[in-house]
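To start, the structure under review is shown below, and the notes come after it.
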Amino acid sequence: MSANWTQDDHKLLSVPGPVEVSDEVLLANAHPSMSHVSPAFAPVFGDCLRMLRTLLYTEKGQPFVIAGSGTLGWDLVAANLLEQGDKALVLNSGYFADSFADCIETYSGSVTQVKAPVGGRPDLKEVEEALKKDKYKVLTFTHVDTSTGVLSDAKAIGELVKRVSPETLVVLDGVCAVASEEIRMDEWNIDVVVGASQKGISVPPGVSITAFSQRSLEVVHSRKSPIPNYYANLKRWQPVMESYEKGTPAYFATPPVNLIYALESSLKNIVSGPVSLQDRFKLHREAAKKFRSEVSQLGFKTVALSEDAAANGMTAVYVPEGIEPPKLIGALAERGIVIAGGLHKDIKTKYIRFGHMGVSVVDRPSDAEKILSALKESLQAVKSQ
């Protein structure tokens, strides 16, 4: 395939993931089929692992790049860190905390939740009280809940746990946050980051990307009971990751070879491209703030209850009175824009969700103008029906 190849014209994808992907990344994904134990592939995989450390600001955290969706990260956490009856404190800011809690209970973990009102963050005072009241093996929180567009204060949560319950492992669900929100794994006392390829990293779906601190891996290797999962067993995957990083192919299960070529292409642009990591996060903050300002002038109200609790890679908004979300979504599709409907059970029929992360922020900021222009037209079209 020619190096100057460009993807076909298509509807602009503005859901909170999957997101738009660059021509370079799609071209890398079209790499000729390769053996996963080829000497030529091993350094590509190793580069991805090293670049993920840079992206997550960790020196010794161990990334795991495994075929699967972001949901696999929940299994990796629950199956490997928890033994029967171990307690987990789940901070709930939306749909995905409910699902993570369900996953933990599937592995016989005991879950306590600190819940927030729709659009809000869990109260850190309540979190502190819960940590003082009982001993928890893990605390989990969703950095950006895709159902509400709520951004958790990862730094404050990590600092709180370190102060009040330092033995508790802190798990950040960053599927909708990695590469669009700043995550300083070491500095913020984060033990696990759960991620995936199809959001801020801007690679097609299919890669589960997690990182475990050395402290959390010690818990894995010192557990008393067998890990109750075959595929999601870190004891099987860790030697594979370590071997690839040394440049030597290894095998447990087949990695998504072509997607890893695409991942390498995207990560190179993210961590060593023309835009620094800090500027990348700044661009996401500025784009989100501008987007929320523009849609508020059209009569939309952000689901997030405060500006500091609003995500920078996506926005969830209540539609104006009298507007039916399905009609607005359809009108936008007719104008070449694909957005998402509601997901949170309590407000599902009242709101819509937009993604603005990765390529559409850093490389193609004009995407936002296209979305806003189409939204204005669509709103008028629905109102006139």
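Labels used: A, B, ... for chains in the order of the structure tokens, numbers from 1 for residues in each chain, and numbers from 1 for ligands as shown.
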Using only C-alpha atoms, determine which residues lie at most 12 Å from Tyr231 of chain A, disregarding the query and same-chain residues fewer than 2 positions distant; provide the list as JSON, numbers by chain. {"A": [66, 67, 68, 72, 73, 75, 76, 79, 80, 227, 228, 229, 233, 234, 235, 236, 237, 252, 253, 254, 255]}
Taking only segment 205-250 of chain A into account, list the residues labelled alpha helix (DSSP H) by DSSP (computed from the backbone), as a ChimeraX atom specification. /A:214-222,234-245
Quick one: residues within 7 Å of Asp186 of chain A, only C-alpha atoms, excluding same-chain residues fewer than 4 positions away - as an NGL selection string? :A and (57-58 or 190)
Just to be explicit: take each residue in the selection above, keep C-alpha atoms, and write the result as a PDB file, in the first residue's frame.
ATOM      1  CA  TYR A  57       4.404   8.668  33.789  1.00  0.00           C
ATOM      2  CA  THR A  58       5.675   5.476  35.391  1.00  0.00           C
ATOM      3  CA  ILE A 190      -1.966   4.676  41.228  1.00  0.00           C
TER       4      ILE A 190
END
With distances taken over only C-alpha atoms, which residue among A:Ala381, A:Leu283, A:Leu151, A:Met51 lies nearest Asn92 of chain A? A:Leu151
Taking 2 positions as the minimum chain separation for residues in the same chain, which residues sit within 6 Å of Ala179 of chain A when counting only C-alpha atoms? Answer as a list in words. Glu181, Gly200 and Ile201 of chain A
Give me the residues near segment 26-33 of chain A as JSON, numbers by chain, where near means some atom within 9 Å (using only C-alpha atoms) and where sequence neighbours in that chain fewer than 5 positions away do not count. {"A": [1, 2, 3, 5, 6, 7, 21, 203, 204, 257, 258, 259, 260, 261, 262, 263, 264, 265]}
Of the candidates A:Ala368, A:Ile270, A:Val219, A:Ile339, which shows the shortest atom-to-atom distance to Ala287 of chain A, using only C-alpha atoms? A:Ala368
If you measure from atom CA of His143 of chain A to atom CA of Cys176 of chain A, what distance in Å do you get, rounded to one decimal? 7.5 Å
Extract the full set of strand (DSSP E or B) residues from segment 20-224 of chain A according to DSSP on the backbone, and format it as a ChimeraX atom specification. /A:62-67,87-92,110-115,138-142,144-145,150-151,169-173,178,181,192-196,207-212
Find the residues around Glu242 of chain A up to 12 Å (only C-alpha atoms counted), leave out those fewer than 6 positions away in its own chain, and share them as an MDAnalysis selection string. chainID A and resid 42:43 45:47 49:50 60:65 234:236 248:251
Could you save those same residues with C-alpha atoms as a compact mmCIF listing (two decimals), in the first residue's frame?
# COMPACT_ATOMS: atom_id res chain seq x y z
CA ALA A 42 9.46 -8.28 18.86
CA PRO A 43 11.03 -4.78 18.90
CA PHE A 45 5.95 -4.83 20.75
CA GLY A 46 8.78 -3.80 23.06
CA ASP A 47 8.61 -0.19 21.85
CA LEU A 49 5.51 -1.22 26.24
CA ARG A 50 8.23 1.39 26.78
CA LYS A 60 8.67 0.63 36.76
CA GLY A 61 4.98 -0.03 36.11
CA GLN A 62 4.47 -3.11 33.94
CA PRO A 63 2.26 -2.56 30.88
CA PHE A 64 0.23 -5.47 29.54
CA VAL A 65 -0.88 -5.32 25.90
CA LEU A 234 -0.97 -12.13 34.82
CA LYS A 235 1.44 -14.87 35.87
CA ARG A 236 1.17 -16.20 32.32
CA THR A 248 12.86 -11.77 22.32
CA PRO A 249 9.54 -13.18 21.09
CA ALA A 250 7.55 -15.21 23.59
CA TYR A 251 4.23 -17.01 23.52
Which segment 154-199 of chain A residues have any atom within 12 Å of an atom of segment 307-316 of chain A, and for each, what is the nearest pair of atoms with distance in Å to one decimal, counting only C-alpha atoms, rows sorted by chain and number, as JSON lines?
{"residue": "A:Ala154", "atom": "CA", "partner": "A:Ala309", "partner_atom": "CA", "distance": 11.1}
{"residue": "A:Gly174", "atom": "CA", "partner": "A:Gly313", "partner_atom": "CA", "distance": 11.5}
{"residue": "A:Val175", "atom": "CA", "partner": "A:Gly313", "partner_atom": "CA", "distance": 11.2}
{"residue": "A:Cys176", "atom": "CA", "partner": "A:Gly313", "partner_atom": "CA", "distance": 7.6}
{"residue": "A:Ala177", "atom": "CA", "partner": "A:Gly313", "partner_atom": "CA", "distance": 7.2}
{"residue": "A:Val178", "atom": "CA", "partner": "A:Gly313", "partner_atom": "CA", "distance": 9.6}
{"residue": "A:Ala179", "atom": "CA", "partner": "A:Gly313", "partner_atom": "CA", "distance": 9.1}
{"residue": "A:Ser180", "atom": "CA", "partner": "A:Gly313", "partner_atom": "CA", "distance": 5.6}
{"residue": "A:Glu181", "atom": "CA", "partner": "A:Asn312", "partner_atom": "CA", "distance": 6.8}
{"residue": "A:Glu182", "atom": "CA", "partner": "A:Asn312", "partner_atom": "CA", "distance": 10.0}
{"residue": "A:Lys199", "atom": "CA", "partner": "A:Gly313", "partner_atom": "CA", "distance": 8.7}
Just-selected residues, N, CA, C and O atoms written as a short mmCIF file (atom, residue, chain, number, x, y, z; two decimals), in the first residue's frame:
data_model
loop_
_atom_site.label_atom_id
_atom_site.label_comp_id
_atom_site.auth_asym_id
_atom_site.auth_seq_id
_atom_site.Cartn_x
_atom_site.Cartn_y
_atom_site.Cartn_z
N ALA A 154 -8.21 12.09 40.03
CA ALA A 154 -7.34 10.93 40.26
C ALA A 154 -6.24 11.25 41.26
O ALA A 154 -5.92 10.42 42.13
N GLY A 174 -9.17 3.74 33.29
CA GLY A 174 -8.87 4.85 32.39
C GLY A 174 -9.20 4.56 30.94
O GLY A 174 -8.61 5.18 30.05
N VAL A 175 -10.15 3.66 30.70
CA VAL A 175 -10.46 3.31 29.31
C VAL A 175 -10.81 4.55 28.49
O VAL A 175 -10.37 4.71 27.37
N CYS A 176 -11.59 5.46 29.09
CA CYS A 176 -11.97 6.69 28.38
C CYS A 176 -11.13 7.88 28.83
O CYS A 176 -11.55 9.02 28.71
N ALA A 177 -9.94 7.60 29.35
CA ALA A 177 -9.10 8.69 29.87
C ALA A 177 -7.67 8.65 29.35
O ALA A 177 -7.07 9.70 29.11
N VAL A 178 -7.11 7.46 29.19
CA VAL A 178 -5.71 7.35 28.81
C VAL A 178 -5.46 8.09 27.49
O VAL A 178 -6.16 7.88 26.51
N ALA A 179 -4.49 8.98 27.51
CA ALA A 179 -4.04 9.78 26.37
C ALA A 179 -4.90 11.01 26.09
O ALA A 179 -4.55 11.83 25.23
N SER A 180 -6.03 11.16 26.81
CA SER A 180 -6.77 12.43 26.71
C SER A 180 -6.79 13.15 28.06
O SER A 180 -7.02 14.36 28.11
N GLU A 181 -6.55 12.41 29.13
CA GLU A 181 -6.43 12.99 30.46
C GLU A 181 -5.04 12.68 31.01
O GLU A 181 -4.51 11.59 30.78
N GLU A 182 -4.47 13.59 31.75
CA GLU A 182 -3.18 13.37 32.37
C GLU A 182 -3.30 12.31 33.46
O GLU A 182 -4.19 12.38 34.31
N LYS A 199 -9.81 4.69 22.23
CA LYS A 199 -10.27 6.01 22.66
C LYS A 199 -9.15 7.02 22.50
O LYS A 199 -8.73 7.31 21.39
#
Hey, what's within 12 Å of Ile352 of chain A if we count only C-alpha atoms and toss same-chain stuff fewer than 3 positions away? As a ChimeraX atom specification, please? /A:14-16,146-149,295,300-303,314-320,323-330,332,338-344,347-349,355,375
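The interatomic distance for the pair atom CA of Gly322 of chain A and atom CA of Ala374 of chain A works out to 19.0 Å.
The gap separating atom CA of Pro166 of chain A from atom CA of Gln113 of chain A is 18.9 Å, in Å to one decimal.
Nearest-residue note for His221 of chain A: choosing from A:Val207, A:Phe354, A:Gln238, A:Ala116, the minimum distance belongs to A:Gln238, counting only C-alpha atoms.
Distances to Asp145 of chain A were evaluated for A:Arg353, A:Arg223, A:His284, A:Lys87 using only C-alpha atoms, and the minimum falls at A:Arg353.
Compared by their closest atoms to Ser216 of chain A, and using only C-alpha atoms, the residues A:Ala156, A:Val77, A:Val164, A:Val118 rank with A:Val77 nearest.
Among the candidates A:Leu89, A:Thr71, A:His36, A:Ala97, the residue lying nearest to Ser208 of chain A is A:Thr71 (atoms considered: only C-alpha atoms).
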